[in-house]
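The block underneath contains the structure these notes are about, expressed in structure tokens.
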Amino acid sequence: MKIYIFTSLLILIISFLLGAVIFDICNLDKYGYRFAAPFGFFSFLALLQICYYPIQVLHASSKWLHLFTFIIVLLILVLSMVKYKSIIKQLKRIYFNKKQIVALALIVILFIAVYYNTEISLRTDDLTFYVPFISNNINAEHLLTYSTQYDYQGYYHFIATVIYFLEKFNLIGIEYYYLPIGAITWIMSIVFYFLLGEIMLDIYNLMNKFTKNRKINIILLTVLLAYTFSFAWYLSQPYYGNTMRRINVIIILELCTIISTNKNFSLITLTSLLFCSLISETSTGFFFSAMIIYSLLLYFANSKSKDYISLIANISIFPAIFMILFTQSKNVLIFVFLLYLLFFLLKMTKKVRFVEKYINKYSTIILYLVPLLFCVIPNIPGYVSKNFNSGSFELENYNFFDPHAFESVPNYLNFSFYNLPSFIRLFFNIAIWCSTIYFLYQIMKKKNKNFLAFHIMTMILTFFNPFVFQFVAENITGVVYFRIYDLIFNSLTLFVIFYVFINRFKKYQLVMSIICGFLFVNEIRFNPVWWSVFANKGSDFNHLYHTSNKEIEVLDKLEVDYLVYEDEPITVASQIYSTESLMFTKVKNVIKNFADLDGMLKNNDFDSQFQRIFYRRSPAVEDIGANYLDACKFAREKNVEYVILDAQYNWELETGIGYCGEKLFEMHNYRVFQMHYDWLKE
């Protein structure tokens, strides 16, 4: 655990150093900010992603990831020495901000204490995808590839690089033992909790800067901090890029609100970097960026602003680069190139203002025409609807009001109830929408519109309503449609919305604050993670790895007694979920334990047949009709060296393996076999 804390602190120190310089250059304290690390971390991630792009495109060796990461860190250290006065200024801010530093420490300790007791499901968790992605890119001759939207997520390549340097500590005499799952699930989690605490406190600082009622602000800060414990991802998956995305979006919306009134070049550059980091963290980063930029463009146009096309062009650079890489289309490349060429020509001929006047003139029509088209297009004859697949099964009747489609994001459209807490939740969801409508009404009726309000209105009107759902889900977001919630309701927007709502009731502000606090806190009990936090886990539970020791003990015995360390990964067919994360030895698990079950049943290609045969059976999984007697034939084609079975429910597969497998040992409910294909008769 010490090595994880140490590594996390190193990342936070590097983030602080870069953030302090950025803080000074952008004069962020002018807007109420006090913490530099979030800006430093996401900018650091963006710089890494920029360096990683050529390596990712060429599928080059992971050594280049390590080299460029080292160079960027070295440059940050040099920059911090050159700009040492900025570092000193930020350290002074910390010294004079003791109360919030204490509050930050308490927030981080509380989150880590809860996370320490959280059990992670190794099957349903995305560990089954991201662990092989990370593990196989630590020492890779060529970067592992899956599909375009994942191959350019530099966040996970950065984690792979961190683990690479951890392994090198052994070469300088710092010896320790760890499993990859520990490094993956702890290092970035500790970083996340620090960043989350600082961002929440800075929302409070920003509100104090631009509003007058500090009593409401302190109440809302307390309430929203408590509310964060209702988010399942914050407690069970804080190390994901998808979870980092949720706090990155908050800073981006804050900066977009600032640059909507102050087109400062340094702030625009910082915002552009944060869009780059957002895309590096998650597959949804691109359409998130596109939606925010779209709302910012329409905001400028509807406000009859000037000199905003240059701003939009600057913050769109990295989404444009990703769009070219993602589509891998020459037409898209030509389109983006011509678009930026046109921009430069207009800039050189000073015709940009003419284009802005044209956009301003028709901005209102665009605002309403786009969602209208989204409504009409799916109803045109010849339009082909798409199916939605969650990754392991197809979603039937996927629609805007589907309560199962919210993938751990708050479902504010749920107005059903079955007991007292759910009845209170009904009022909470009503309060959310009533407060939002009131906020939009109060802000939008003013002559000088606020970007944050305009953004929320644009998101709801254009992308998030039942009329546009089909087009947006099928053509823009895919199955992760409901992640749009993060662009509408997050800690920043909820803080602002409820401040405006509560501040309206001059005589009853305290009462309204208490009621809102009660509604928010009630949501905590609906977090599905709490059962694992408070459940009686027994002595078998491993807090460091968030799982049972049984699987770890089986794999440890295999490693110690039978495996010989090699540079190349050992191919296994293991029914232990996330096997790669639970072993120190490099292995490649050819069983997709979180496979697309529907696709596996429908398709009859070699890999689908292999997965059907080796799929981990359980009482919850129906008979999938596999020909288990062909197990040896398929295992040989995959060059499987060892097979690890859950012996409770997979006796048919064990029978098939018996023709070529030697049982090495049995432990708990697992049996381990070494394959001997020379036993087979041709």
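Just so we're on the same page: first chain in the structure tokens is A, next is B, and so on; residues restart at 1 for each chain, and ligands are numbered from 1 in the order they show up.
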Point to revise | 10 Å contact set for Ile55 of chain A, only C-alpha atoms, chain neighbours under 3 positions out, as a ChimeraX atom specification | key: /A:49-52,58-65,68,142-143,152
Practice item. Could you tell me, as a PyMOL selection string, which residues of segment 20-202 of chain A DSSP assigns to helix (DSSP H, G or I) when given the backbone? Key: chain A and resi 20-26+28-31+37-58+62-82+84-95+98-116+127-135+148-151+154-172+180-202
Give me the segment 182-297 of chain A side of the contact with segment 529-545 of chain A, cut-off 9 Å, one line per residue showing its nearest atom pair and distance in Å at one decimal, counting only C-alpha atoms, sorted by chain and residue number, as JSON lines.
```
{"residue": "A:Gly182", "atom": "CA", "partner": "A:Tyr545", "partner_atom": "CA", "distance": 5.4}
{"residue": "A:Thr185", "atom": "CA", "partner": "A:Tyr545", "partner_atom": "CA", "distance": 7.7}
{"residue": "A:Trp186", "atom": "CA", "partner": "A:Leu544", "partner_atom": "CA", "distance": 8.2}
{"residue": "A:Ser230", "atom": "CA", "partner": "A:Val529", "partner_atom": "CA", "distance": 8.8}
{"residue": "A:Phe231", "atom": "CA", "partner": "A:Val529", "partner_atom": "CA", "distance": 8.7}
{"residue": "A:Ala232", "atom": "CA", "partner": "A:Val529", "partner_atom": "CA", "distance": 5.8}
{"residue": "A:Trp233", "atom": "CA", "partner": "A:Val529", "partner_atom": "CA", "distance": 8.7}
{"residue": "A:Leu235", "atom": "CA", "partner": "A:Val529", "partner_atom": "CA", "distance": 7.0}
{"residue": "A:Ser236", "atom": "CA", "partner": "A:Val529", "partner_atom": "CA", "distance": 6.7}
```
Taking only residues of segment 171-259 of chain A that have an atom at most 7 Å from an atom of segment 2-12 of chain A, what is each one's shortest atom pair and its distance in Å to one decimal, using only C-alpha atoms, in chain and number order, as a Markdown table?
```
| residue | atom | partner | partner_atom | distance |
| --- | --- | --- | --- | --- |
| A:Ala183 | CA | A:Tyr4 | CA | 6.4 |
| A:Trp186 | CA | A:Tyr4 | CA | 6.4 |
| A:Ile187 | CA | A:Ser8 | CA | 5.2 |
| A:Met188 | CA | A:Ser8 | CA | 6.8 |
| A:Ile190 | CA | A:Ser8 | CA | 6.3 |
| A:Val191 | CA | A:Ser8 | CA | 5.8 |
```
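Listed by chain and then by rising number, the residues of segment 389-574 of chain A that DSSP assigns to strand (DSSP E or B) from the backbone are Asn389, Glu394, Leu395, Phe541, Asn542, Thr547, Ser548, Ile570, Thr571, Val572, Ala573 and Ser574 of chain A.
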File dump, residues just selected, N, CA, C and O atoms, as a compact mmCIF listing (two decimals), in the first residue's frame:
```txt
# COMPACT_ATOMS: atom_id res chain seq x y z
N ASN A 389 -26.22 -2.63 -27.97
CA ASN A 389 -25.60 -3.72 -27.24
C ASN A 389 -24.81 -3.17 -26.07
O ASN A 389 -23.99 -2.26 -26.25
N GLU A 394 -27.76 -7.65 -25.89
CA GLU A 394 -28.48 -6.59 -26.58
C GLU A 394 -29.58 -6.04 -25.66
O GLU A 394 -30.21 -6.78 -24.91
N LEU A 395 -29.78 -4.72 -25.75
CA LEU A 395 -30.82 -4.07 -24.97
C LEU A 395 -32.10 -4.03 -25.79
O LEU A 395 -32.12 -3.51 -26.91
N PHE A 541 -11.58 -11.75 2.66
CA PHE A 541 -11.59 -10.55 1.81
C PHE A 541 -10.26 -9.83 1.87
O PHE A 541 -9.70 -9.60 2.94
N ASN A 542 -9.74 -9.45 0.70
CA ASN A 542 -8.47 -8.74 0.59
C ASN A 542 -8.76 -7.27 0.32
O ASN A 542 -9.17 -6.90 -0.78
N THR A 547 -11.07 -7.82 -3.36
CA THR A 547 -11.70 -9.06 -3.80
C THR A 547 -11.35 -10.19 -2.84
O THR A 547 -10.61 -10.00 -1.88
N SER A 548 -11.85 -11.39 -3.15
CA SER A 548 -11.58 -12.56 -2.34
C SER A 548 -10.15 -13.05 -2.55
O SER A 548 -9.59 -12.92 -3.64
N ILE A 570 2.43 -15.82 -21.15
CA ILE A 570 2.00 -17.22 -21.18
C ILE A 570 0.50 -17.24 -21.49
O ILE A 570 -0.28 -16.53 -20.86
N THR A 571 0.09 -18.03 -22.47
CA THR A 571 -1.31 -18.08 -22.89
C THR A 571 -2.09 -19.02 -21.99
O THR A 571 -1.73 -20.20 -21.86
N VAL A 572 -3.14 -18.51 -21.38
CA VAL A 572 -3.99 -19.32 -20.51
C VAL A 572 -5.45 -19.16 -20.93
O VAL A 572 -5.81 -18.17 -21.58
N ALA A 573 -6.25 -20.15 -20.58
CA ALA A 573 -7.70 -20.05 -20.71
C ALA A 573 -8.25 -20.15 -19.30
O ALA A 573 -8.41 -21.25 -18.75
N SER A 574 -8.47 -19.01 -18.69
CA SER A 574 -8.82 -18.97 -17.27
C SER A 574 -10.23 -18.45 -17.05
O SER A 574 -10.61 -17.40 -17.59
```
Exercise for review: Name the closest residue to Leu373 of chain A among the candidates A:Thr284, A:Phe471, A:Ile94, A:Lys386; distances are taken between atoms, counting only C-alpha atoms.
Suggested key: A:Phe471
**Study point:** Surrounding residues of segment 205-217 of chain A excluding itself and chain neighbours under 3 positions, 8 Å, only C-alpha atoms, as a ChimeraX atom specification
**Key:** /A:31-34,201-202,220-221,496,499,502-503,509,513
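The two atoms in question, atom CA of Phe23 of chain A and atom CA of Ile101 of chain A, are spaced 17.7 Å apart.
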Exercise for review: Between A:Asp486, A:Gly382, A:Ser303, A:Phe41, single out the one closest to Leu273 of chain A, counting only C-alpha atoms.
Suggested key: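 Residue with the minimum atom-to-atom distance to Leu273 of chain A: A:Phe41.
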Review point. From the set A:Phe335, A:Phe634, A:Phe44, A:Tyr441, which residue has the shortest atom-to-atom contact distance to Leu75 of chain A, counting only C-alpha atoms?
Key: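 Of A:Phe335, A:Phe634, A:Phe44, A:Tyr441, the one nearest Leu75 of chain A, counting only C-alpha atoms, is A:Phe44.
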Practice item. Could you give me, as number ranges by chain, the residues within 12 Å of Asn27 of chain A, counting only C-alpha atoms and dropping anything in the same chain fewer than 2 positions from it? Key: A: 19-25, 29-34, 36, 86, 89-90, 264-267, 270
Study note, to complete from the structure: For Ile181 of chain A, the closest of A:Glu119, A:Asp307, A:Glu580, A:Glu641 counting only C-alpha atoms is A:Glu580
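Shortest separation to Asn490 of chain A among A:Pro569, A:Pro319, A:Pro410, A:Gly661 occurs at residue A:Pro410, atoms counted being only C-alpha atoms.
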Exercise for review: Could you tell me how far atom CA of Phe526 of chain A lies from atom CA of Pro421 of chain A, in Å and to one decimal?
Suggested key: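 Atom-to-atom, atom CA of Phe526 of chain A and atom CA of Pro421 of chain A are spaced 8.7 Å apart.
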Exercise for review: Compile the contact shell of segment 238-253 of chain A as JSON, numbers by chain: residues with an atom at most 7 Å away, counting only C-alpha atoms, same-chain residues fewer than 4 positions apart removed.
Suggested key: {"A": [155, 185, 188, 189, 192, 196, 233, 234, 257, 271, 274, 278, 281, 282, 486, 492]}
Create the file for the chosen residues now, containing N, CA, C and O atoms and written as a PDB file, in the first residue's frame.
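Result file is again.pdb:
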```pdb
ATOM      1  N   TYR A 155      -4.928   7.927 -21.336  1.00  0.00           N
ATOM      2  CA  TYR A 155      -5.033   7.797 -19.882  1.00  0.00           C
ATOM      3  C   TYR A 155      -4.570   6.406 -19.444  1.00  0.00           C
ATOM      4  O   TYR A 155      -3.826   6.264 -18.465  1.00  0.00           O
ATOM      5  N   THR A 185      -6.038  -0.168  -9.434  1.00  0.00           N
ATOM      6  CA  THR A 185      -7.215   0.302  -8.697  1.00  0.00           C
ATOM      7  C   THR A 185      -6.914   1.293  -7.585  1.00  0.00           C
ATOM      8  O   THR A 185      -7.816   1.965  -7.101  1.00  0.00           O
ATOM      9  N   MET A 188      -4.537   5.591  -9.208  1.00  0.00           N
ATOM     10  CA  MET A 188      -5.367   6.643  -9.801  1.00  0.00           C
ATOM     11  C   MET A 188      -6.578   6.964  -8.933  1.00  0.00           C
ATOM     12  O   MET A 188      -7.142   8.064  -9.029  1.00  0.00           O
ATOM     13  N   SER A 189      -6.992   6.045  -8.075  1.00  0.00           N
ATOM     14  CA  SER A 189      -8.113   6.315  -7.163  1.00  0.00           C
ATOM     15  C   SER A 189      -7.732   7.384  -6.140  1.00  0.00           C
ATOM     16  O   SER A 189      -8.518   8.298  -5.858  1.00  0.00           O
ATOM     17  N   PHE A 192      -7.628  10.594  -7.894  1.00  0.00           N
ATOM     18  CA  PHE A 192      -8.998  11.049  -8.165  1.00  0.00           C
ATOM     19  C   PHE A 192      -9.627  11.703  -6.947  1.00  0.00           C
ATOM     20  O   PHE A 192     -10.253  12.773  -7.056  1.00  0.00           O
ATOM     21  N   LEU A 196     -11.046  15.383  -6.801  1.00  0.00           N
ATOM     22  CA  LEU A 196     -12.469  15.588  -6.525  1.00  0.00           C
ATOM     23  C   LEU A 196     -12.667  16.564  -5.377  1.00  0.00           C
ATOM     24  O   LEU A 196     -13.477  17.496  -5.470  1.00  0.00           O
ATOM     25  N   TRP A 233     -19.890   5.001  -9.234  1.00  0.00           N
ATOM     26  CA  TRP A 233     -18.569   5.038  -9.863  1.00  0.00           C
ATOM     27  C   TRP A 233     -17.532   5.683  -8.953  1.00  0.00           C
ATOM     28  O   TRP A 233     -16.361   5.327  -9.003  1.00  0.00           O
ATOM     29  N   TYR A 234     -17.943   6.644  -8.134  1.00  0.00           N
ATOM     30  CA  TYR A 234     -16.989   7.323  -7.255  1.00  0.00           C
ATOM     31  C   TYR A 234     -16.435   6.385  -6.187  1.00  0.00           C
ATOM     32  O   TYR A 234     -15.323   6.587  -5.699  1.00  0.00           O
ATOM     33  N   THR A 257     -17.536  28.989 -19.157  1.00  0.00           N
ATOM     34  CA  THR A 257     -18.332  30.094 -18.611  1.00  0.00           C
ATOM     35  C   THR A 257     -17.483  31.354 -18.497  1.00  0.00           C
ATOM     36  O   THR A 257     -17.942  32.466 -18.788  1.00  0.00           O
ATOM     37  N   THR A 271      -8.294  25.609 -21.862  1.00  0.00           N
ATOM     38  CA  THR A 271      -9.541  24.893 -22.172  1.00  0.00           C
ATOM     39  C   THR A 271      -9.312  23.872 -23.278  1.00  0.00           C
ATOM     40  O   THR A 271      -9.823  22.747 -23.213  1.00  0.00           O
ATOM     41  N   LEU A 274      -7.692  20.849 -21.858  1.00  0.00           N
ATOM     42  CA  LEU A 274      -8.624  20.041 -21.065  1.00  0.00           C
ATOM     43  C   LEU A 274      -9.547  19.211 -21.951  1.00  0.00           C
ATOM     44  O   LEU A 274      -9.928  18.095 -21.582  1.00  0.00           O
ATOM     45  N   LEU A 278      -9.833  15.183 -21.863  1.00  0.00           N
ATOM     46  CA  LEU A 278     -11.147  14.539 -21.790  1.00  0.00           C
ATOM     47  C   LEU A 278     -11.249  13.408 -22.805  1.00  0.00           C
ATOM     48  O   LEU A 278     -11.735  12.315 -22.494  1.00  0.00           O
ATOM     49  N   GLU A 281      -9.301  10.264 -21.814  1.00  0.00           N
ATOM     50  CA  GLU A 281      -9.802   9.515 -20.654  1.00  0.00           C
ATOM     51  C   GLU A 281     -10.877   8.508 -21.000  1.00  0.00           C
ATOM     52  O   GLU A 281     -10.990   7.467 -20.349  1.00  0.00           O
ATOM     53  N   THR A 282     -11.695   8.802 -22.007  1.00  0.00           N
ATOM     54  CA  THR A 282     -12.901   8.011 -22.214  1.00  0.00           C
ATOM     55  C   THR A 282     -13.334   8.026 -23.666  1.00  0.00           C
ATOM     56  O   THR A 282     -13.074   8.999 -24.398  1.00  0.00           O
ATOM     57  N   ASP A 486     -24.190  13.902 -17.381  1.00  0.00           N
ATOM     58  CA  ASP A 486     -23.023  14.568 -16.793  1.00  0.00           C
ATOM     59  C   ASP A 486     -22.824  15.975 -17.346  1.00  0.00           C
ATOM     60  O   ASP A 486     -22.192  16.810 -16.704  1.00  0.00           O
ATOM     61  N   LEU A 492     -21.193  21.121 -10.291  1.00  0.00           N
ATOM     62  CA  LEU A 492     -21.217  22.559 -10.589  1.00  0.00           C
ATOM     63  C   LEU A 492     -22.626  23.041 -10.901  1.00  0.00           C
ATOM     64  O   LEU A 492     -23.113  24.006 -10.296  1.00  0.00           O
TER      65      LEU A 492
END
```
Practice item. Excluding Val643 of chain A and residues on its chain fewer than 5 positions from it, collect all residues at most 10 Å away from it, counting only C-alpha atoms, and give them as a ChimeraX atom specification. Key: /A:571-575,589,591,614,635,654,657,661-663,671-675
